[in-house]
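**Student:** The file below is coords_26.txt, compact mmCIF, C-alpha atoms:
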```txt
# COMPACT_ATOMS: atom_id res chain seq x y z
CA MET A 220 24.75 -48.84 -16.04
CA GLN A 221 23.22 -51.59 -13.96
CA ASN A 222 22.68 -55.22 -14.88
CA THR A 223 19.21 -55.97 -13.50
CA LYS A 224 18.70 -59.35 -15.14
CA GLY A 225 17.43 -61.86 -12.61
CA LEU A 226 15.95 -59.16 -10.37
CA PRO A 227 12.17 -58.68 -9.84
CA LEU A 228 10.41 -56.98 -12.75
CA ASP A 229 9.40 -53.89 -10.73
CA ILE A 230 13.05 -53.20 -9.85
CA ARG A 231 14.12 -53.71 -13.48
CA LEU A 232 11.43 -51.34 -14.73
CA SER A 233 12.37 -48.77 -12.09
CA ALA A 234 15.98 -48.86 -13.32
CA TYR A 235 14.67 -48.60 -16.90
CA LEU A 236 12.73 -45.43 -16.02
CA ASP A 237 15.83 -43.95 -14.40
CA GLY A 238 17.91 -44.69 -17.52
CA GLU A 239 20.23 -46.97 -15.58
CA VAL A 240 20.15 -50.04 -17.85
CA SER A 241 22.29 -50.89 -20.86
CA ASP A 242 21.01 -50.47 -24.42
CA ALA A 243 20.60 -54.22 -24.82
CA GLU A 244 18.59 -54.54 -21.62
CA ARG A 245 16.53 -51.47 -22.50
CA LYS A 246 15.50 -53.04 -25.81
CA GLU A 247 14.68 -56.32 -24.05
CA LEU A 248 12.45 -54.50 -21.53
CA GLU A 249 10.73 -52.47 -24.24
CA GLN A 250 9.88 -55.65 -26.13
CA LEU A 251 8.51 -57.16 -22.90
CA ILE A 252 6.39 -54.07 -22.26
CA ALA A 253 5.00 -54.16 -25.80
CA ARG A 254 3.73 -57.75 -25.51
CA ASP A 255 2.96 -58.14 -21.78
CA ASP A 256 -0.08 -56.41 -20.26
CA GLU A 257 1.14 -56.92 -16.68
CA ALA A 258 4.50 -55.33 -17.49
CA ARG A 259 2.73 -52.34 -19.08
CA ARG A 260 0.46 -51.94 -16.04
CA LEU A 261 3.44 -52.04 -13.70
CA LEU A 262 5.36 -49.51 -15.81
CA GLU A 263 2.37 -47.12 -15.80
CA MET A 264 2.13 -47.43 -12.03
CA LEU A 265 5.83 -46.64 -11.63
CA GLN A 266 5.54 -43.65 -13.98
CA ALA A 267 2.63 -42.31 -11.98
CA GLY A 268 4.63 -42.82 -8.81
CA ASN A 269 7.53 -40.88 -10.29
CA ALA A 270 5.22 -37.99 -11.25
CA PHE A 271 3.66 -37.97 -7.80
CA GLY A 272 7.04 -37.99 -6.08
CA ASN A 273 8.44 -35.18 -8.22
CA LYS A 274 5.39 -33.00 -7.58
CA ALA A 275 5.36 -33.75 -3.86
CA PHE A 276 9.00 -32.79 -3.42
CA GLU A 277 8.58 -29.71 -5.60
CA GLU A 278 5.88 -28.58 -3.15
CA PHE A 279 8.20 -29.43 -0.26
CA LEU A 280 10.94 -27.20 -1.69
CA HIS A 281 8.45 -24.32 -1.86
CA ASP A 282 7.49 -24.59 1.81
CA PRO A 283 8.52 -21.50 3.76
CA VAL A 284 11.84 -21.81 5.58
CA PRO A 285 11.65 -20.76 9.27
CA LEU A 286 12.35 -17.06 9.49
CA SER A 287 14.50 -17.40 12.60
CA LEU A 288 16.84 -19.79 10.74
CA VAL A 289 17.23 -17.39 7.81
CA ARG A 290 18.03 -14.51 10.13
CA ARG A 291 20.63 -16.55 12.00
CA ILE A 292 22.35 -17.42 8.72
CA LYS A 293 22.32 -13.81 7.54
CA GLN A 294 23.51 -12.30 10.80
CA GLY A 295 26.16 -14.88 11.60
CA PRO A 296 26.84 -16.73 14.88
CA GLY A 297 26.23 -15.21 18.27
CA VAL A 298 23.23 -13.04 17.43
CA ASN A 299 19.72 -13.87 18.52
CA PRO A 300 17.34 -11.76 16.38
CA LYS A 301 14.59 -11.97 19.01
CA THR A 302 16.65 -10.55 21.84
CA GLU A 303 19.47 -8.60 20.27
CA ARG A 304 19.70 -5.72 17.82
CA VAL A 305 23.07 -4.60 16.48
CA VAL A 306 23.44 -0.85 15.89
CA THR A 307 26.54 0.62 14.30
CA ALA A 308 27.56 4.04 13.07
CA THR A 309 28.66 2.73 9.69
CA PRO A 310 26.32 2.65 6.69
CA ARG A 311 24.07 -0.35 6.57
CA GLN A 312 25.31 -3.00 4.19
CA ALA A 313 23.23 -3.85 1.16
CA LYS A 314 20.88 -6.71 1.92
CA GLN A 315 21.62 -9.82 -0.02
CA ARG A 316 18.98 -12.27 -1.06
CA LEU A 317 19.43 -15.66 0.49
CA TRP A 318 18.59 -18.84 -1.36
CA PRO A 319 17.60 -21.28 1.39
CA ARG A 320 15.99 -23.64 -1.08
CA ALA A 321 19.38 -24.60 -2.46
CA LEU A 322 20.26 -26.26 0.83
CA ALA A 323 16.87 -27.94 1.05
CA ALA A 324 17.12 -29.16 -2.52
CA SER A 325 20.56 -30.66 -1.90
CA LEU A 326 19.35 -32.56 1.14
CA VAL A 327 16.28 -33.86 -0.65
CA LEU A 328 18.25 -35.05 -3.65
CA LEU A 329 20.77 -36.77 -1.39
CA LEU A 330 18.08 -38.62 0.56
CA VAL A 331 15.70 -39.42 -2.25
CA GLY A 332 17.89 -40.24 -5.25
CA GLY A 333 16.28 -42.11 -8.07
CA SER A 334 14.19 -44.46 -5.98
CA THR A 335 11.34 -42.12 -5.02
CA GLY A 336 9.15 -43.02 -7.95
CA PHE A 337 9.58 -46.73 -7.35
CA ILE A 338 8.77 -46.52 -3.63
CA ILE A 339 5.66 -44.40 -4.07
CA GLY A 340 4.48 -46.30 -7.13
CA LYS A 341 4.92 -49.61 -5.35
CA THR A 342 2.97 -48.60 -2.24
CA SER A 343 0.19 -46.78 -4.11
CA GLN A 344 -0.87 -49.95 -5.96
CA ASP A 345 -4.22 -49.48 -7.74
CA ASN A 346 -4.93 -45.96 -6.44
CA VAL A 347 -2.76 -44.22 -9.02
CA PRO A 348 -5.56 -42.16 -10.68
CA GLN A 349 -6.41 -40.56 -7.32
CA LEU A 350 -2.86 -39.37 -6.53
CA GLU A 351 -2.78 -35.57 -6.37
CA VAL A 352 -0.83 -32.97 -4.44
CA ALA A 353 -2.73 -29.76 -3.69
CA ALA A 354 -0.83 -26.61 -2.75
CA ALA A 355 -2.13 -25.21 0.52
CA ARG A 356 -2.28 -21.53 -0.45
CA THR A 357 -3.37 -19.05 2.22
CA TRP A 358 -4.15 -15.34 2.36
CA LEU A 359 -0.54 -14.76 3.39
CA ASP A 360 0.63 -16.03 0.00
CA ASP A 361 -1.59 -13.44 -1.70
CA ILE A 362 -0.24 -10.71 0.59
CA ALA A 363 3.35 -11.70 -0.21
CA ASP A 364 2.60 -11.45 -3.94
CA TYR A 365 1.08 -7.99 -3.50
CA HIS A 366 3.99 -6.80 -1.37
CA ARG A 367 6.54 -8.02 -3.88
CA VAL A 368 4.88 -5.87 -6.57
CA TYR A 369 3.97 -2.73 -4.62
CA ALA A 370 7.20 -2.47 -2.61
CA ARG A 371 9.04 -1.83 -5.89
CA GLN A 372 6.85 1.09 -6.92
CA THR A 373 7.91 4.72 -6.83
CA ALA A 374 6.43 7.08 -4.23
CA GLU A 375 3.48 8.20 -6.39
CA HIS A 376 2.42 4.59 -7.05
CA LEU A 377 3.31 2.97 -3.74
CA VAL A 378 -0.14 3.52 -2.19
CA GLU A 379 -3.71 4.03 -3.31
CA VAL A 380 -4.53 6.69 -0.70
CA PRO A 381 -1.61 8.85 0.54
CA ALA A 382 -0.78 9.50 4.17
CA SER A 383 -1.97 13.09 3.76
CA ALA A 384 -5.55 11.76 3.76
CA GLY A 385 -5.14 11.40 7.54
CA ASN A 386 -8.01 9.99 9.59
CA ARG A 387 -10.12 9.37 6.49
CA ILE A 388 -7.98 6.29 5.84
CA GLU A 389 -9.20 4.62 9.03
CA GLY A 390 -12.88 5.12 8.19
CA TRP A 391 -12.42 4.08 4.56
CA LEU A 392 -10.62 0.82 5.35
CA ALA A 393 -12.74 -0.07 8.38
CA SER A 394 -15.97 0.25 6.38
CA ASN A 395 -14.64 -1.90 3.52
CA VAL A 396 -12.83 -4.55 5.54
CA GLY A 397 -15.17 -4.71 8.53
CA VAL A 398 -12.35 -4.29 11.08
CA SER A 399 -12.02 -1.24 13.31
CA PHE A 400 -8.44 -0.18 14.01
CA ALA A 401 -6.19 2.65 15.12
CA LEU A 402 -3.52 3.80 12.66
CA PRO A 403 -0.18 2.84 14.29
CA ASP A 404 2.42 5.60 14.71
CA LEU A 405 5.73 3.84 14.08
CA SER A 406 7.98 6.90 13.91
CA SER A 407 9.75 5.74 17.09
CA LYS A 408 10.64 2.56 15.18
CA GLY A 409 12.18 4.54 12.33
CA LEU A 410 9.20 4.01 10.01
CA THR A 411 7.25 6.72 8.19
CA PHE A 412 3.64 6.15 7.18
CA GLN A 413 3.17 6.36 3.40
CA GLY A 414 -0.53 5.61 2.95
CA ALA A 415 -2.87 2.71 2.36
CA ARG A 416 -4.35 0.32 -0.16
CA LEU A 417 -7.38 -1.94 -0.34
CA LEU A 418 -6.51 -5.47 -1.48
CA VAL A 419 -8.29 -8.80 -1.96
CA ALA A 420 -6.80 -11.99 -0.47
CA ALA A 421 -8.46 -15.38 -0.12
CA GLY A 422 -11.58 -13.78 -1.61
CA LYS A 423 -11.85 -11.18 1.19
CA PRO A 424 -11.14 -7.43 1.32
CA VAL A 425 -7.83 -6.67 3.03
CA ALA A 426 -6.51 -3.40 4.45
CA GLN A 427 -2.86 -2.59 3.74
CA LEU A 428 -0.94 0.15 5.57
CA MET A 429 2.42 1.01 4.03
CA TYR A 430 5.54 2.35 5.81
CA LYS A 431 9.13 3.09 4.80
CA ASP A 432 12.35 3.15 6.79
CA GLN A 433 15.36 5.43 6.29
CA ASP A 434 16.91 2.99 3.82
CA GLY A 435 13.81 2.97 1.62
CA ASP A 436 12.71 -0.53 2.61
CA VAL A 437 8.95 -0.98 2.58
CA PHE A 438 7.01 -2.50 5.47
CA ALA A 439 3.30 -3.25 5.47
CA ILE A 440 0.56 -4.04 7.97
CA CYS A 441 -2.30 -6.04 6.46
CA PHE A 442 -5.49 -7.32 8.07
CA LEU A 443 -8.82 -8.86 7.20
CA LYS A 444 -11.95 -9.99 9.01
CA SER A 445 -11.84 -13.61 10.18
CA THR A 446 -13.41 -16.08 12.57
CA PRO A 447 -12.12 -15.93 16.17
CA GLY A 448 -9.81 -18.84 16.96
CA THR A 449 -7.87 -20.46 19.79
CA THR A 450 -4.57 -18.89 18.65
CA ASP A 451 -5.57 -15.28 19.36
CA GLY A 452 -2.53 -13.15 20.16
CA LYS A 453 0.09 -15.74 19.18
CA LEU A 454 2.67 -14.34 16.75
CA THR A 455 3.75 -16.75 14.01
CA GLU A 456 6.81 -16.24 11.80
CA SER A 457 7.00 -17.35 8.18
CA MET A 458 8.87 -16.43 5.02
CA ARG A 459 8.22 -16.21 1.30
CA ASP A 460 11.63 -16.00 -0.40
CA ASP A 461 13.10 -12.64 0.70
CA ILE A 462 9.88 -11.47 2.36
CA ALA A 463 9.38 -12.00 6.10
CA MET A 464 5.90 -12.23 7.61
CA ILE A 465 4.76 -12.23 11.22
CA SER A 466 1.05 -12.95 11.60
CA TRP A 467 -1.43 -13.22 14.44
CA GLN A 468 -5.14 -13.29 15.15
CA LYS A 469 -6.96 -10.90 17.45
CA ARG A 470 -10.64 -11.28 18.17
CA ALA A 471 -12.39 -11.37 14.77
CA ALA A 472 -9.46 -10.27 12.59
CA SER A 473 -6.23 -11.68 11.20
CA TYR A 474 -3.13 -9.49 10.93
CA VAL A 475 0.31 -9.73 9.36
CA VAL A 476 3.38 -7.49 9.35
CA VAL A 477 5.44 -7.78 6.17
CA GLY A 478 9.03 -6.68 5.61
CA PRO A 479 12.47 -7.69 4.37
CA SER A 480 13.60 -11.06 5.73
CA SER A 481 16.96 -9.56 6.69
CA ASP A 482 15.46 -7.08 9.17
CA PRO A 483 16.25 -8.32 12.71
CA SER A 484 13.68 -6.09 14.43
CA LEU A 485 10.56 -7.35 12.64
CA GLN A 486 9.53 -9.49 15.61
CA GLN A 487 9.69 -6.54 18.02
CA LEU A 488 7.88 -4.38 15.46
CA ALA A 489 5.04 -6.90 15.19
CA GLU A 490 4.76 -7.13 18.96
CA ALA A 491 4.40 -3.35 19.21
CA ILE A 492 1.84 -3.18 16.40
CA SER A 493 -0.26 -6.02 17.82
CA THR A 494 -0.90 -3.98 20.97
CA GLU A 495 -1.37 -0.63 19.25
CA ILE A 496 -3.52 -1.33 16.20
```
Translate this structure into structure tokens?

**Tutor:**
Amino acid sequence: MQNTKGLPLDIRLSAYLDGEVSDAERKELEQLIARDDEARRLLEMLQAGNAFGNKAFEEFLHDPVPLSLVRRIKQGPGVNPKTERVVTATPRQAKQRLWPRALAASLVLLLVGGSTGFIIGKTSQDNVPQLEVAAARTWLDDIADYHRVYARQTAEHLVEVPASAGNRIEGWLASNVGVSFALPDLSSKGLTFQGARLLVAAGKPVAQLMYKDQDGDVFAICFLKSTPGTTDGKLTESMRDDIAMISWQKRAASYVVVGPSSDPSLQQLAEAISTEI
């Protein structure tokens, strides 16, 4: 417990909010708050600052961790997932889910401590009612949610239209999504085409092509119509928990390859697909 008597009122109230004052001092501050309008206003500002800080750092902890970092941790030292692929004759070990947020959370708690609310509340001053944190959700977040559900389905429910439909899949998806494409043959990459689905992400129709590898892991290629941009052709890595995503834009369409975050060949797979599709 801290003795904050003699310190500025904002510091005393900050300690009060953090539960770091003695019972006697807590009662004294509560009596002051009850009779003093300025003390009440300051306390409300600090409370709003605390709420803002907690929400801001919660959003920070949900930011995707760089995929290259996750792969390095999973594969151990000395392996560069972009240039090296390890092949062994022994059975592939079961993939383990990594919890990168635990490390991020530890660092944030160490740096921030109990003073975040005070700092933000102090600097926000009279703009407290306008403080909001909006989550920047993109179409990739929707795709990750879909993949997490469909990748767990059995063979008869994995896709909407099976691979046996052949070339009809291309015409069906192209007419609904507005993007012409060639169905990639990924058998040389160890992937077997399972079929397709039609999704909706960011309010737009999305084509989803589903593949499986020999271990039963599900990979997907998703794309939608978009506005041409200056980043055409540039592959961007991201991650949503245990799902890895490599996205790019090509002419008037946006694409993403989705797969397990532990797969070291996803980058090379995306590069091959981007030139073939």

**Student:** Determine, counting all atoms listed in the file, which protein, DNA and RNA residues have an atom within 8 Å of an atom of segment 382-394 of chain A; residues of the same chain fewer than 4 positions away are not included. Present the result as number ranges by chain.

**Tutor:** A: 398-402, 412-415, 417, 426

**Student:** With all atoms listed in the file as the basis for distance, which of A:Ser493, A:Ser445, A:Thr455, A:Ser466 is at the shortest distance from Gly422 of chain A?

**Tutor:**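 Closest to Gly422 of chain A of all the choices is A:Ser445.
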
**Student:** Just give me the gap between atom CA of Val240 of chain A and atom CA of Glu263 of chain A in Å, one decimal is fine.

**Tutor:**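 If I compute the distance from atom CA of Val240 of chain A to atom CA of Glu263 of chain A, I get 18.1 Å.
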
**Student:** Any idea what the distance is between atom CA of Asn222 of chain A and atom CA of Leu236 of chain A?

**Tutor:**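 One can read the atom CA of Asn222 of chain A to atom CA of Leu236 of chain A distance as 14.0 Å.
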
**Student:** Between A:Ala243, A:Leu359, A:Ala370, A:Ile496, which residue has the minimum interatomic distance to Gly478 of chain A, considering only C-alpha atoms?

**Tutor:**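 Using only C-alpha atoms, Gly478 of chain A sits closest to A:Ala370.
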
**Student:** Would you compute the distance between atom CA of Gly409 of chain A and atom CA of Asp360 of chain A? Give it in Å to one decimal.

**Tutor:** 26.6 Å

**Student:** Between A:Phe438, A:Trp358, A:Trp467, A:Tyr430, single out the one closest to Asp482 of chain A, counting all atoms listed in the file.

**Tutor:**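 Among A:Phe438, A:Trp358, A:Trp467, A:Tyr430, it is A:Phe438 that comes nearest to Asp482 of chain A.
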
**Student:** Kindly add all heavy atoms to the incomplete segment 373-384 of chain A and provide the output as a PDB file, in the frame of the given file.

**Tutor:**
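Written out: selection_2.pdb:
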```
ATOM      1  N   THR A 373       7.437   3.401  -7.242  1.00  0.00           N
ATOM      2  CA  THR A 373       7.910   4.720  -6.830  1.00  0.00           C
ATOM      3  C   THR A 373       6.888   5.344  -5.887  1.00  0.00           C
ATOM      4  O   THR A 373       5.767   4.837  -5.728  1.00  0.00           O
ATOM      5  CB  THR A 373       8.109   5.617  -8.059  1.00  0.00           C
ATOM      6  OG1 THR A 373       6.878   5.676  -8.811  1.00  0.00           O
ATOM      7  CG2 THR A 373       9.214   5.068  -8.946  1.00  0.00           C
ATOM      8  N   ALA A 374       7.258   6.468  -5.276  1.00  0.00           N
ATOM      9  CA  ALA A 374       6.430   7.080  -4.230  1.00  0.00           C
ATOM     10  C   ALA A 374       5.007   7.350  -4.694  1.00  0.00           C
ATOM     11  O   ALA A 374       4.037   7.112  -3.961  1.00  0.00           O
ATOM     12  CB  ALA A 374       7.085   8.369  -3.746  1.00  0.00           C
ATOM     13  N   GLU A 375       4.829   7.836  -5.931  1.00  0.00           N
ATOM     14  CA  GLU A 375       3.480   8.200  -6.390  1.00  0.00           C
ATOM     15  C   GLU A 375       2.598   6.989  -6.668  1.00  0.00           C
ATOM     16  O   GLU A 375       1.377   7.119  -6.790  1.00  0.00           O
ATOM     17  CB  GLU A 375       3.546   9.095  -7.626  1.00  0.00           C
ATOM     18  CG  GLU A 375       4.238   8.480  -8.833  1.00  0.00           C
ATOM     19  CD  GLU A 375       5.725   8.813  -8.875  1.00  0.00           C
ATOM     20  OE1 GLU A 375       6.326   9.055  -7.811  1.00  0.00           O
ATOM     21  OE2 GLU A 375       6.283   8.830  -9.983  1.00  0.00           O
ATOM     22  N   HIS A 376       3.206   5.794  -6.766  1.00  0.00           N
ATOM     23  CA  HIS A 376       2.420   4.590  -7.050  1.00  0.00           C
ATOM     24  C   HIS A 376       2.468   3.574  -5.905  1.00  0.00           C
ATOM     25  O   HIS A 376       1.880   2.506  -6.020  1.00  0.00           O
ATOM     26  CB  HIS A 376       2.932   3.925  -8.323  1.00  0.00           C
ATOM     27  CG  HIS A 376       2.836   4.774  -9.546  1.00  0.00           C
ATOM     28  ND1 HIS A 376       1.639   5.229 -10.054  1.00  0.00           N
ATOM     29  CD2 HIS A 376       3.811   5.294 -10.362  1.00  0.00           C
ATOM     30  CE1 HIS A 376       1.854   5.966 -11.139  1.00  0.00           C
ATOM     31  NE2 HIS A 376       3.176   6.031 -11.332  1.00  0.00           N
ATOM     32  N   LEU A 377       3.155   3.920  -4.843  1.00  0.00           N
ATOM     33  CA  LEU A 377       3.310   2.970  -3.740  1.00  0.00           C
ATOM     34  C   LEU A 377       1.983   2.664  -3.064  1.00  0.00           C
ATOM     35  O   LEU A 377       1.716   1.530  -2.672  1.00  0.00           O
ATOM     36  CB  LEU A 377       4.304   3.520  -2.714  1.00  0.00           C
ATOM     37  CG  LEU A 377       4.558   2.663  -1.474  1.00  0.00           C
ATOM     38  CD1 LEU A 377       5.175   1.323  -1.869  1.00  0.00           C
ATOM     39  CD2 LEU A 377       5.474   3.400  -0.495  1.00  0.00           C
ATOM     40  N   VAL A 378       1.127   3.687  -2.901  1.00  0.00           N
ATOM     41  CA  VAL A 378      -0.140   3.520  -2.190  1.00  0.00           C
ATOM     42  C   VAL A 378      -1.302   3.997  -3.041  1.00  0.00           C
ATOM     43  O   VAL A 378      -1.125   4.719  -4.024  1.00  0.00           O
ATOM     44  CB  VAL A 378      -0.115   4.278  -0.845  1.00  0.00           C
ATOM     45  CG1 VAL A 378       0.935   3.694   0.083  1.00  0.00           C
ATOM     46  CG2 VAL A 378       0.111   5.764  -1.054  1.00  0.00           C
ATOM     47  N   GLU A 379      -2.488   3.605  -2.634  1.00  0.00           N
ATOM     48  CA  GLU A 379      -3.710   4.030  -3.310  1.00  0.00           C
ATOM     49  C   GLU A 379      -4.216   5.344  -2.736  1.00  0.00           C
ATOM     50  O   GLU A 379      -4.700   6.215  -3.469  1.00  0.00           O
ATOM     51  CB  GLU A 379      -4.763   2.929  -3.156  1.00  0.00           C
ATOM     52  CG  GLU A 379      -6.063   3.160  -3.891  1.00  0.00           C
ATOM     53  CD  GLU A 379      -7.021   2.006  -3.719  1.00  0.00           C
ATOM     54  OE1 GLU A 379      -6.673   1.014  -3.050  1.00  0.00           O
ATOM     55  OE2 GLU A 379      -8.146   2.104  -4.251  1.00  0.00           O
ATOM     56  N   VAL A 380      -4.131   5.459  -1.402  1.00  0.00           N
ATOM     57  CA  VAL A 380      -4.530   6.690  -0.700  1.00  0.00           C
ATOM     58  C   VAL A 380      -3.323   7.168   0.096  1.00  0.00           C
ATOM     59  O   VAL A 380      -2.811   6.430   0.943  1.00  0.00           O
ATOM     60  CB  VAL A 380      -5.728   6.439   0.235  1.00  0.00           C
ATOM     61  CG1 VAL A 380      -6.111   7.717   0.967  1.00  0.00           C
ATOM     62  CG2 VAL A 380      -6.921   5.909  -0.556  1.00  0.00           C
ATOM     63  N   PRO A 381      -2.826   8.389  -0.138  1.00  0.00           N
ATOM     64  CA  PRO A 381      -1.610   8.850   0.540  1.00  0.00           C
ATOM     65  C   PRO A 381      -1.833   9.149   2.013  1.00  0.00           C
ATOM     66  O   PRO A 381      -2.964   9.329   2.475  1.00  0.00           O
ATOM     67  CB  PRO A 381      -1.266  10.130  -0.231  1.00  0.00           C
ATOM     68  CG  PRO A 381      -2.570  10.614  -0.758  1.00  0.00           C
ATOM     69  CD  PRO A 381      -3.365   9.387  -1.077  1.00  0.00           C
ATOM     70  N   ALA A 382      -0.721   9.229   2.737  1.00  0.00           N
ATOM     71  CA  ALA A 382      -0.780   9.500   4.170  1.00  0.00           C
ATOM     72  C   ALA A 382      -1.436  10.828   4.483  1.00  0.00           C
ATOM     73  O   ALA A 382      -2.010  11.022   5.561  1.00  0.00           O
ATOM     74  CB  ALA A 382       0.624   9.451   4.763  1.00  0.00           C
ATOM     75  N   SER A 383      -1.381  11.774   3.546  1.00  0.00           N
ATOM     76  CA  SER A 383      -1.970  13.090   3.760  1.00  0.00           C
ATOM     77  C   SER A 383      -3.483  13.038   3.943  1.00  0.00           C
ATOM     78  O   SER A 383      -4.096  13.997   4.422  1.00  0.00           O
ATOM     79  CB  SER A 383      -1.631  14.013   2.579  1.00  0.00           C
ATOM     80  OG  SER A 383      -2.091  13.444   1.357  1.00  0.00           O
ATOM     81  N   ALA A 384      -4.108  11.905   3.576  1.00  0.00           N
ATOM     82  CA  ALA A 384      -5.550  11.760   3.760  1.00  0.00           C
ATOM     83  C   ALA A 384      -5.930  11.650   5.235  1.00  0.00           C
ATOM     84  O   ALA A 384      -7.097  11.784   5.600  1.00  0.00           O
ATOM     85  CB  ALA A 384      -6.056  10.531   3.005  1.00  0.00           C
TER      86      ALA A 384
END
```
